[in-house]
$ cat my_file-v2.cif   # mmCIF, N, CA and C atoms
data_target
loop_
_atom_site.label_atom_id
_atom_site.label_comp_id
_atom_site.auth_asym_id
_atom_site.auth_seq_id
_atom_site.Cartn_x
_atom_site.Cartn_y
_atom_site.Cartn_z
N MET M 1 5.06 -6.10 -20.69
CA MET M 1 4.37 -4.84 -20.49
C MET M 1 5.25 -3.93 -19.64
N LEU M 2 5.37 -2.71 -20.06
CA LEU M 2 6.13 -1.69 -19.33
C LEU M 2 5.16 -0.72 -18.68
N LEU M 3 5.35 -0.47 -17.39
CA LEU M 3 4.59 0.55 -16.68
C LEU M 3 5.53 1.70 -16.37
N ASN M 4 5.15 2.91 -16.73
CA ASN M 4 5.96 4.07 -16.43
C ASN M 4 5.18 4.96 -15.46
N PHE M 5 5.53 4.84 -14.19
CA PHE M 5 4.83 5.63 -13.18
C PHE M 5 5.09 7.12 -13.33
N ASN M 6 6.19 7.49 -14.01
CA ASN M 6 6.47 8.91 -14.26
C ASN M 6 5.42 9.54 -15.16
N GLU M 7 4.75 8.73 -15.97
CA GLU M 7 3.74 9.25 -16.89
C GLU M 7 2.31 9.10 -16.38
N MET M 8 2.13 8.49 -15.22
CA MET M 8 0.79 8.27 -14.68
C MET M 8 0.32 9.47 -13.87
N LYS M 9 -0.98 9.70 -13.90
CA LYS M 9 -1.58 10.77 -13.11
C LYS M 9 -1.55 10.38 -11.64
N GLU M 10 -1.14 11.31 -10.81
CA GLU M 10 -1.11 11.09 -9.36
C GLU M 10 -2.42 11.57 -8.76
N ILE M 11 -2.98 10.75 -7.88
CA ILE M 11 -4.20 11.15 -7.17
C ILE M 11 -3.88 11.34 -5.70
N THR M 12 -4.63 12.18 -5.05
CA THR M 12 -4.52 12.39 -3.61
C THR M 12 -5.75 11.80 -2.94
N VAL M 13 -5.50 10.99 -1.91
CA VAL M 13 -6.59 10.31 -1.23
C VAL M 13 -6.56 10.71 0.25
N PRO M 14 -7.57 11.44 0.72
CA PRO M 14 -7.64 11.74 2.15
C PRO M 14 -8.28 10.58 2.91
N GLY M 15 -7.72 10.24 4.05
CA GLY M 15 -8.34 9.24 4.94
C GLY M 15 -8.64 7.90 4.28
N MET M 16 -7.68 7.32 3.60
CA MET M 16 -7.89 6.03 2.92
C MET M 16 -8.40 4.96 3.89
N ASN M 17 -9.52 4.34 3.56
CA ASN M 17 -10.15 3.32 4.42
C ASN M 17 -10.34 3.81 5.86
N ASN M 18 -10.79 5.05 5.98
CA ASN M 18 -11.01 5.68 7.29
C ASN M 18 -9.74 5.86 8.09
N GLY M 19 -8.61 5.97 7.38
CA GLY M 19 -7.34 6.27 8.04
C GLY M 19 -7.23 7.77 8.30
N THR M 20 -6.02 8.20 8.65
CA THR M 20 -5.77 9.61 8.95
C THR M 20 -4.93 10.24 7.86
N GLY M 21 -4.94 11.56 7.80
CA GLY M 21 -4.08 12.29 6.88
C GLY M 21 -4.37 11.97 5.42
N THR M 22 -3.33 12.13 4.59
CA THR M 22 -3.49 11.91 3.16
C THR M 22 -2.39 11.01 2.62
N MET M 23 -2.70 10.45 1.46
CA MET M 23 -1.69 9.70 0.71
C MET M 23 -1.83 10.10 -0.75
N THR M 24 -0.76 9.92 -1.50
CA THR M 24 -0.80 10.12 -2.94
C THR M 24 -0.46 8.80 -3.60
N ALA M 25 -1.02 8.57 -4.79
CA ALA M 25 -0.82 7.28 -5.46
C ALA M 25 -0.89 7.42 -6.97
N LYS M 26 -0.13 6.55 -7.62
CA LYS M 26 -0.21 6.34 -9.07
C LYS M 26 -0.49 4.86 -9.24
N MET M 27 -1.51 4.50 -10.03
CA MET M 27 -1.98 3.12 -10.04
C MET M 27 -2.23 2.59 -11.44
N HIS M 28 -1.81 1.34 -11.63
CA HIS M 28 -2.20 0.55 -12.80
C HIS M 28 -3.15 -0.52 -12.30
N MET M 29 -4.29 -0.70 -12.98
CA MET M 29 -5.27 -1.68 -12.55
C MET M 29 -5.77 -2.46 -13.76
N ASP M 30 -5.91 -3.78 -13.59
CA ASP M 30 -6.55 -4.62 -14.60
C ASP M 30 -7.26 -5.76 -13.88
N GLU M 31 -7.76 -6.75 -14.63
CA GLU M 31 -8.55 -7.83 -14.02
C GLU M 31 -7.74 -8.73 -13.09
N GLN M 32 -6.42 -8.72 -13.20
CA GLN M 32 -5.60 -9.56 -12.33
C GLN M 32 -5.19 -8.87 -11.03
N GLY M 33 -5.37 -7.54 -10.97
CA GLY M 33 -5.01 -6.83 -9.75
C GLY M 33 -4.57 -5.41 -9.99
N LYS M 34 -3.73 -4.93 -9.08
CA LYS M 34 -3.28 -3.54 -9.11
C LYS M 34 -1.79 -3.47 -8.80
N ILE M 35 -1.14 -2.47 -9.37
CA ILE M 35 0.22 -2.12 -9.00
C ILE M 35 0.18 -0.64 -8.68
N ILE M 36 0.58 -0.30 -7.44
CA ILE M 36 0.39 1.06 -6.95
C ILE M 36 1.71 1.60 -6.37
N PHE M 37 2.12 2.75 -6.86
CA PHE M 37 3.24 3.48 -6.27
C PHE M 37 2.60 4.55 -5.40
N CYS M 38 2.83 4.49 -4.09
CA CYS M 38 2.12 5.43 -3.21
C CYS M 38 3.00 5.94 -2.09
N SER M 39 2.59 7.07 -1.56
CA SER M 39 3.23 7.70 -0.41
C SER M 39 2.17 8.01 0.63
N ILE M 40 2.39 7.49 1.83
CA ILE M 40 1.56 7.86 2.97
C ILE M 40 2.31 9.00 3.65
N HIS M 41 1.72 10.17 3.67
CA HIS M 41 2.42 11.35 4.17
C HIS M 41 2.52 11.31 5.70
N ALA M 42 3.47 12.07 6.24
CA ALA M 42 3.72 12.10 7.68
C ALA M 42 2.41 12.30 8.44
N GLY M 43 2.21 11.50 9.47
CA GLY M 43 1.00 11.57 10.27
C GLY M 43 -0.18 10.82 9.68
N GLY M 44 0.00 10.22 8.51
CA GLY M 44 -1.10 9.55 7.83
C GLY M 44 -1.12 8.05 8.03
N SER M 45 -2.26 7.47 7.67
CA SER M 45 -2.42 6.02 7.77
C SER M 45 -3.47 5.55 6.78
N ILE M 46 -3.40 4.27 6.47
CA ILE M 46 -4.46 3.58 5.75
C ILE M 46 -5.21 2.81 6.83
N GLY M 47 -6.49 3.04 6.96
CA GLY M 47 -7.27 2.43 8.02
C GLY M 47 -7.43 0.93 7.86
N LEU M 48 -7.86 0.31 8.94
CA LEU M 48 -8.06 -1.14 8.98
C LEU M 48 -9.10 -1.56 7.93
N HIS M 49 -8.71 -2.53 7.10
CA HIS M 49 -9.61 -3.04 6.06
C HIS M 49 -9.24 -4.48 5.75
N LYS M 50 -10.19 -5.21 5.18
CA LYS M 50 -10.02 -6.64 4.89
C LYS M 50 -9.80 -6.84 3.40
N HIS M 51 -8.97 -7.82 3.06
CA HIS M 51 -8.71 -8.18 1.67
C HIS M 51 -9.44 -9.48 1.35
N ASP M 52 -10.59 -9.35 0.72
CA ASP M 52 -11.42 -10.51 0.39
C ASP M 52 -11.08 -11.13 -0.96
N ALA M 53 -10.50 -10.34 -1.88
CA ALA M 53 -10.32 -10.82 -3.25
C ALA M 53 -8.91 -11.26 -3.59
N GLY M 54 -7.93 -10.96 -2.75
CA GLY M 54 -6.56 -11.34 -3.09
C GLY M 54 -5.56 -10.91 -2.06
N ASP M 55 -4.29 -11.13 -2.38
CA ASP M 55 -3.17 -10.77 -1.51
C ASP M 55 -2.73 -9.34 -1.78
N ASP M 56 -2.31 -8.64 -0.74
CA ASP M 56 -1.83 -7.27 -0.82
C ASP M 56 -0.37 -7.28 -0.39
N ILE M 57 0.55 -7.01 -1.33
CA ILE M 57 1.99 -7.08 -1.08
C ILE M 57 2.53 -5.65 -1.08
N ASN M 58 3.15 -5.24 0.00
CA ASN M 58 3.61 -3.87 0.18
C ASN M 58 5.11 -3.85 0.43
N TYR M 59 5.88 -3.41 -0.59
CA TYR M 59 7.33 -3.30 -0.46
C TYR M 59 7.67 -1.86 -0.10
N ILE M 60 8.44 -1.68 0.98
CA ILE M 60 8.76 -0.35 1.48
C ILE M 60 10.01 0.17 0.78
N LEU M 61 9.85 1.31 0.09
CA LEU M 61 10.97 1.93 -0.62
C LEU M 61 11.72 2.92 0.27
N SER M 62 10.99 3.68 1.09
CA SER M 62 11.63 4.62 2.01
C SER M 62 10.64 5.01 3.11
N GLY M 63 11.19 5.59 4.15
CA GLY M 63 10.37 6.01 5.28
C GLY M 63 10.28 4.92 6.34
N SER M 64 9.44 5.18 7.33
CA SER M 64 9.26 4.21 8.42
C SER M 64 7.80 4.21 8.84
N GLY M 65 7.37 3.05 9.31
CA GLY M 65 5.99 2.91 9.73
C GLY M 65 5.75 1.57 10.38
N LYS M 66 4.47 1.24 10.48
CA LYS M 66 4.10 -0.07 11.00
C LYS M 66 2.83 -0.53 10.31
N ALA M 67 2.73 -1.84 10.22
CA ALA M 67 1.51 -2.47 9.73
C ALA M 67 0.94 -3.26 10.89
N VAL M 68 -0.38 -3.32 10.96
CA VAL M 68 -1.05 -4.19 11.92
C VAL M 68 -1.90 -5.13 11.08
N CYS M 69 -1.51 -6.42 11.08
CA CYS M 69 -2.18 -7.41 10.25
C CYS M 69 -2.73 -8.51 11.14
N ASP M 70 -4.05 -8.68 11.11
CA ASP M 70 -4.72 -9.66 11.97
C ASP M 70 -4.28 -9.52 13.42
N GLY M 71 -4.12 -8.25 13.86
CA GLY M 71 -3.78 -7.95 15.24
C GLY M 71 -2.30 -7.98 15.57
N LYS M 72 -1.45 -8.40 14.63
CA LYS M 72 -0.01 -8.49 14.87
C LYS M 72 0.68 -7.27 14.26
N GLU M 73 1.51 -6.58 15.07
CA GLU M 73 2.22 -5.40 14.61
C GLU M 73 3.53 -5.77 13.95
N GLU M 74 3.81 -5.13 12.81
CA GLU M 74 5.05 -5.34 12.07
C GLU M 74 5.70 -3.98 11.81
N ILE M 75 7.00 -3.87 12.06
CA ILE M 75 7.73 -2.63 11.82
C ILE M 75 8.13 -2.57 10.35
N LEU M 76 7.90 -1.42 9.72
CA LEU M 76 8.19 -1.22 8.31
C LEU M 76 9.33 -0.22 8.14
N GLU M 77 10.29 -0.58 7.28
CA GLU M 77 11.38 0.32 6.92
C GLU M 77 11.85 -0.07 5.52
N ALA M 78 12.65 0.77 4.91
CA ALA M 78 13.12 0.50 3.55
C ALA M 78 13.70 -0.90 3.45
N GLY M 79 13.26 -1.63 2.42
CA GLY M 79 13.75 -2.98 2.19
C GLY M 79 12.91 -4.08 2.80
N THR M 80 11.88 -3.71 3.59
CA THR M 80 10.99 -4.74 4.14
C THR M 80 9.74 -4.86 3.28
N CYS M 81 9.06 -5.98 3.43
CA CYS M 81 7.87 -6.25 2.64
C CYS M 81 6.78 -6.80 3.55
N HIS M 82 5.67 -6.12 3.60
CA HIS M 82 4.51 -6.55 4.39
C HIS M 82 3.50 -7.19 3.44
N ILE M 83 3.05 -8.40 3.77
CA ILE M 83 2.07 -9.10 2.94
C ILE M 83 0.83 -9.36 3.76
N CYS M 84 -0.30 -8.88 3.24
CA CYS M 84 -1.60 -9.15 3.85
C CYS M 84 -2.29 -10.16 2.95
N LYS M 85 -2.39 -11.39 3.42
CA LYS M 85 -2.97 -12.48 2.62
C LYS M 85 -4.48 -12.33 2.48
N LYS M 86 -5.00 -12.92 1.42
CA LYS M 86 -6.43 -12.94 1.17
C LYS M 86 -7.15 -13.44 2.42
N GLY M 87 -8.20 -12.73 2.82
CA GLY M 87 -8.97 -13.08 4.01
C GLY M 87 -8.49 -12.39 5.27
N SER M 88 -7.32 -11.75 5.23
CA SER M 88 -6.77 -11.05 6.40
C SER M 88 -7.17 -9.58 6.36
N GLN M 89 -6.97 -8.90 7.48
CA GLN M 89 -7.22 -7.47 7.53
C GLN M 89 -5.99 -6.77 8.08
N HIS M 90 -5.77 -5.55 7.59
CA HIS M 90 -4.59 -4.81 8.04
C HIS M 90 -4.80 -3.31 7.95
N SER M 91 -3.87 -2.60 8.57
CA SER M 91 -3.75 -1.15 8.43
C SER M 91 -2.25 -0.86 8.31
N ILE M 92 -1.94 0.30 7.72
CA ILE M 92 -0.55 0.73 7.58
C ILE M 92 -0.47 2.16 8.08
N ILE M 93 0.50 2.42 8.97
CA ILE M 93 0.63 3.72 9.62
C ILE M 93 2.03 4.27 9.37
N ASN M 94 2.11 5.53 8.96
CA ASN M 94 3.39 6.21 8.84
C ASN M 94 3.76 6.71 10.23
N THR M 95 4.84 6.18 10.79
CA THR M 95 5.28 6.57 12.14
C THR M 95 6.44 7.56 12.10
N GLY M 96 6.90 7.90 10.91
CA GLY M 96 8.05 8.79 10.78
C GLY M 96 7.67 10.21 10.43
N SER M 97 8.70 11.03 10.22
CA SER M 97 8.49 12.44 9.86
C SER M 97 8.56 12.66 8.35
N ASP M 98 8.96 11.63 7.60
CA ASP M 98 9.00 11.69 6.13
C ASP M 98 7.90 10.81 5.56
N ASP M 99 7.69 10.91 4.25
CA ASP M 99 6.72 10.04 3.59
C ASP M 99 7.11 8.57 3.75
N LEU M 100 6.11 7.72 3.91
CA LEU M 100 6.30 6.27 3.86
C LEU M 100 5.95 5.89 2.42
N VAL M 101 6.97 5.50 1.64
CA VAL M 101 6.82 5.26 0.22
C VAL M 101 6.77 3.75 -0.04
N LEU M 102 5.72 3.31 -0.74
CA LEU M 102 5.49 1.89 -0.95
C LEU M 102 5.25 1.58 -2.41
N LEU M 103 5.63 0.37 -2.79
CA LEU M 103 5.18 -0.18 -4.05
C LEU M 103 4.28 -1.33 -3.65
N THR M 104 3.01 -1.21 -3.97
CA THR M 104 2.00 -2.20 -3.57
C THR M 104 1.52 -2.98 -4.79
N VAL M 105 1.47 -4.29 -4.64
CA VAL M 105 0.95 -5.16 -5.68
C VAL M 105 -0.21 -5.94 -5.07
N VAL M 106 -1.39 -5.81 -5.67
CA VAL M 106 -2.57 -6.54 -5.22
C VAL M 106 -2.83 -7.63 -6.27
N VAL M 107 -2.73 -8.88 -5.83
CA VAL M 107 -2.92 -10.02 -6.74
C VAL M 107 -4.28 -10.63 -6.45
N GLU M 108 -5.19 -10.48 -7.42
CA GLU M 108 -6.53 -11.05 -7.28
C GLU M 108 -6.47 -12.56 -7.45
N ARG M 109 -7.13 -13.30 -6.56
CA ARG M 109 -7.17 -14.76 -6.68
C ARG M 109 -8.41 -15.31 -6.03
#
$ encode --input "my_file-v2.cif" --output "structure tokens"
Amino acid sequence: MLLNFNEMKEITVPGMNNGTGTMTAKMHMDEQGKIIFCSIHAGGSIGLHKHDAGDDINYILSGSGKAVCDGKEEILEAGTCHICKKGSQHSIINTGSDDLVLLTVVVER
């Protein structure tokens, strides 16, 4: 299966999971999970939320930020990967002046 994010509709999400600012995303979703190309804009965040149905894998393409997963802070930069395992809770914060660009894969299990 080929996914072409260039052809997908981009949506804008204000305050994702009670976070701050806005993010934009292009998403493929099916019964096994989601694949999301997204940007958390400067000053924005995804609020604290729990993953009950699967693992949330976030590969950082560009920008800088931090994740807080089960109370532990992790620094995010291009080339790092933050994984929030099923049953854990996390938030992701853009700490830089540019977009924090992620490729997120949610694996339902």
$ resolve_selection --input "my_file-v2.cif" --expression "the PyMOL selection byres (((chain M and resi 92 and name CA) around 6) and name CA)" --output "list in words"
Ser45, Ile46, Lys66, Ala67, Ser91 and Ile93 of chain M
$ resolve_selection --input "my_file-v2.cif" --expression "the PyMOL selection byres ((chain M and resi 108) around 6.5)" --output "list in words"
Glu31, Gln32, Gly33, Lys34, Ala53, Gly54, Asp55, Val106, Val107 and Arg109 of chain M
$ select_by_dssp --input "my_file-v2.cif" --residues "stretch 33-97 of chain M" --states "strand (DSSP E or B)" --output "number ranges by chain"
M: 33-40, 45-50, 54-62, 64-69, 72-77, 81-84, 89-94
$ write_last_selection --input "my_file-v2.cif" --atoms "N, CA and C atoms" --output "compact mmCIF listing (two decimals), in the frame of the given file"
# COMPACT_ATOMS: atom_id res chain seq x y z
N GLY M 33 -5.37 -7.54 -10.97
CA GLY M 33 -5.01 -6.83 -9.75
C GLY M 33 -4.57 -5.41 -9.99
N LYS M 34 -3.73 -4.93 -9.08
CA LYS M 34 -3.28 -3.54 -9.11
C LYS M 34 -1.79 -3.47 -8.80
N ILE M 35 -1.14 -2.47 -9.37
CA ILE M 35 0.22 -2.12 -9.00
C ILE M 35 0.18 -0.64 -8.68
N ILE M 36 0.58 -0.30 -7.44
CA ILE M 36 0.39 1.06 -6.95
C ILE M 36 1.71 1.60 -6.37
N PHE M 37 2.12 2.75 -6.86
CA PHE M 37 3.24 3.48 -6.27
C PHE M 37 2.60 4.55 -5.40
N CYS M 38 2.83 4.49 -4.09
CA CYS M 38 2.12 5.43 -3.21
C CYS M 38 3.00 5.94 -2.09
N SER M 39 2.59 7.07 -1.56
CA SER M 39 3.23 7.70 -0.41
C SER M 39 2.17 8.01 0.63
N ILE M 40 2.39 7.49 1.83
CA ILE M 40 1.56 7.86 2.97
C ILE M 40 2.31 9.00 3.65
N SER M 45 -2.26 7.47 7.67
CA SER M 45 -2.42 6.02 7.77
C SER M 45 -3.47 5.55 6.78
N ILE M 46 -3.40 4.27 6.47
CA ILE M 46 -4.46 3.58 5.75
C ILE M 46 -5.21 2.81 6.83
N GLY M 47 -6.49 3.04 6.96
CA GLY M 47 -7.27 2.43 8.02
C GLY M 47 -7.43 0.93 7.86
N LEU M 48 -7.86 0.31 8.94
CA LEU M 48 -8.06 -1.14 8.98
C LEU M 48 -9.10 -1.56 7.93
N HIS M 49 -8.71 -2.53 7.10
CA HIS M 49 -9.61 -3.04 6.06
C HIS M 49 -9.24 -4.48 5.75
N LYS M 50 -10.19 -5.21 5.18
CA LYS M 50 -10.02 -6.64 4.89
C LYS M 50 -9.80 -6.84 3.40
N GLY M 54 -7.93 -10.96 -2.75
CA GLY M 54 -6.56 -11.34 -3.09
C GLY M 54 -5.56 -10.91 -2.06
N ASP M 55 -4.29 -11.13 -2.38
CA ASP M 55 -3.17 -10.77 -1.51
C ASP M 55 -2.73 -9.34 -1.78
N ASP M 56 -2.31 -8.64 -0.74
CA ASP M 56 -1.83 -7.27 -0.82
C ASP M 56 -0.37 -7.28 -0.39
N ILE M 57 0.55 -7.01 -1.33
CA ILE M 57 1.99 -7.08 -1.08
C ILE M 57 2.53 -5.65 -1.08
N ASN M 58 3.15 -5.24 0.00
CA ASN M 58 3.61 -3.87 0.18
C ASN M 58 5.11 -3.85 0.43
N TYR M 59 5.88 -3.41 -0.59
CA TYR M 59 7.33 -3.30 -0.46
C TYR M 59 7.67 -1.86 -0.10
N ILE M 60 8.44 -1.68 0.98
CA ILE M 60 8.76 -0.35 1.48
C ILE M 60 10.01 0.17 0.78
N LEU M 61 9.85 1.31 0.09
CA LEU M 61 10.97 1.93 -0.62
C LEU M 61 11.72 2.92 0.27
N SER M 62 10.99 3.68 1.09
CA SER M 62 11.63 4.62 2.01
C SER M 62 10.64 5.01 3.11
N SER M 64 9.44 5.18 7.33
CA SER M 64 9.26 4.21 8.42
C SER M 64 7.80 4.21 8.84
N GLY M 65 7.37 3.05 9.31
CA GLY M 65 5.99 2.91 9.73
C GLY M 65 5.75 1.57 10.38
N LYS M 66 4.47 1.24 10.48
CA LYS M 66 4.10 -0.07 11.00
C LYS M 66 2.83 -0.53 10.31
N ALA M 67 2.73 -1.84 10.22
CA ALA M 67 1.51 -2.47 9.73
C ALA M 67 0.94 -3.26 10.89
N VAL M 68 -0.38 -3.32 10.96
CA VAL M 68 -1.05 -4.19 11.92
C VAL M 68 -1.90 -5.13 11.08
N CYS M 69 -1.51 -6.42 11.08
CA CYS M 69 -2.18 -7.41 10.25
C CYS M 69 -2.73 -8.51 11.14
N LYS M 72 -1.45 -8.40 14.63
CA LYS M 72 -0.01 -8.49 14.87
C LYS M 72 0.68 -7.27 14.26
N GLU M 73 1.51 -6.58 15.07
CA GLU M 73 2.22 -5.40 14.61
C GLU M 73 3.53 -5.77 13.95
N GLU M 74 3.81 -5.13 12.81
CA GLU M 74 5.05 -5.34 12.07
C GLU M 74 5.70 -3.98 11.81
N ILE M 75 7.00 -3.87 12.06
CA ILE M 75 7.73 -2.63 11.82
C ILE M 75 8.13 -2.57 10.35
N LEU M 76 7.90 -1.42 9.72
CA LEU M 76 8.19 -1.22 8.31
C LEU M 76 9.33 -0.22 8.14
N GLU M 77 10.29 -0.58 7.28
CA GLU M 77 11.38 0.32 6.92
C GLU M 77 11.85 -0.07 5.52
N CYS M 81 9.06 -5.98 3.43
CA CYS M 81 7.87 -6.25 2.64
C CYS M 81 6.78 -6.80 3.55
N HIS M 82 5.67 -6.12 3.60
CA HIS M 82 4.51 -6.55 4.39
C HIS M 82 3.50 -7.19 3.44
N ILE M 83 3.05 -8.40 3.77
CA ILE M 83 2.07 -9.10 2.94
C ILE M 83 0.83 -9.36 3.76
N CYS M 84 -0.30 -8.88 3.24
CA CYS M 84 -1.60 -9.15 3.85
C CYS M 84 -2.29 -10.16 2.95
N GLN M 89 -6.97 -8.90 7.48
CA GLN M 89 -7.22 -7.47 7.53
C GLN M 89 -5.99 -6.77 8.08
N HIS M 90 -5.77 -5.55 7.59
CA HIS M 90 -4.59 -4.81 8.04
C HIS M 90 -4.80 -3.31 7.95
N SER M 91 -3.87 -2.60 8.57
CA SER M 91 -3.75 -1.15 8.43
C SER M 91 -2.25 -0.86 8.31
N ILE M 92 -1.94 0.30 7.72
CA ILE M 92 -0.55 0.73 7.58
C ILE M 92 -0.47 2.16 8.08
N ILE M 93 0.50 2.42 8.97
CA ILE M 93 0.63 3.72 9.62
C ILE M 93 2.03 4.27 9.37
N ASN M 94 2.11 5.53 8.96
CA ASN M 94 3.39 6.21 8.84
C ASN M 94 3.76 6.71 10.23
$ atom_distance --input "my_file-v2.cif" --atom1 "atom N of M:Gly63" --atom2 "atom CA of M:Asp30"
27.8 Å
$ atom_distance --input "my_file-v2.cif" --atom1 "atom CA of M:Leu48" --atom2 "atom N of M:Met8"
28.0 Å
$ residues_near_point --input "my_file-v2.cif" --point "(7.2, -6.6, 4.3)" --cutoff "7 Å" --atoms "only N, CA and C atoms" --output "number ranges by chain"
M: 58-60, 76, 79-83
$ closest_residue --input "my_file-v2.cif" --among "M:Ile57, M:Gly44, M:Phe37, M:Phe5" --to "M:Lys85" --atoms "only C-alpha atoms"
M:Ile57
$ atom_distance --input "my_file-v2.cif" --atom1 "atom CA of M:Glu73" --atom2 "atom N of M:Lys26"
25.3 Å
$ resolve_selection --input "my_file-v2.cif" --expression "the PyMOL selection byres ((chain M and resi 23) around 7)" --output "PyMOL selection string"
chain M and resi 11-16+20-22+24-25+38-41+44-45
$ closest_residue --input "my_file-v2.cif" --among "M:Asn6, M:Asp70, M:Gly43, M:Cys84" --to "M:Leu100" --atoms "only C-alpha atoms"
M:Gly43
$ select_by_dssp --input "my_file-v2.cif" --residues "chain M" --states "helix (DSSP H, G or I)" --output "list in words"
Phe5, Asn6, Glu7, Met16, Asn17 and Asn18 of chain M
$ closest_residue --input "my_file-v2.cif" --among "M:Ser97, M:Leu2, M:Ala78, M:Val105" --to "M:Ser62" --atoms "all atoms listed in the file"
M:Ala78
$ closest_residue --input "my_file-v2.cif" --among "M:Gln89, M:Glu7, M:Thr104, M:Asp98" --to "M:Gly47" --atoms "only N, CA and C atoms"
M:Gln89
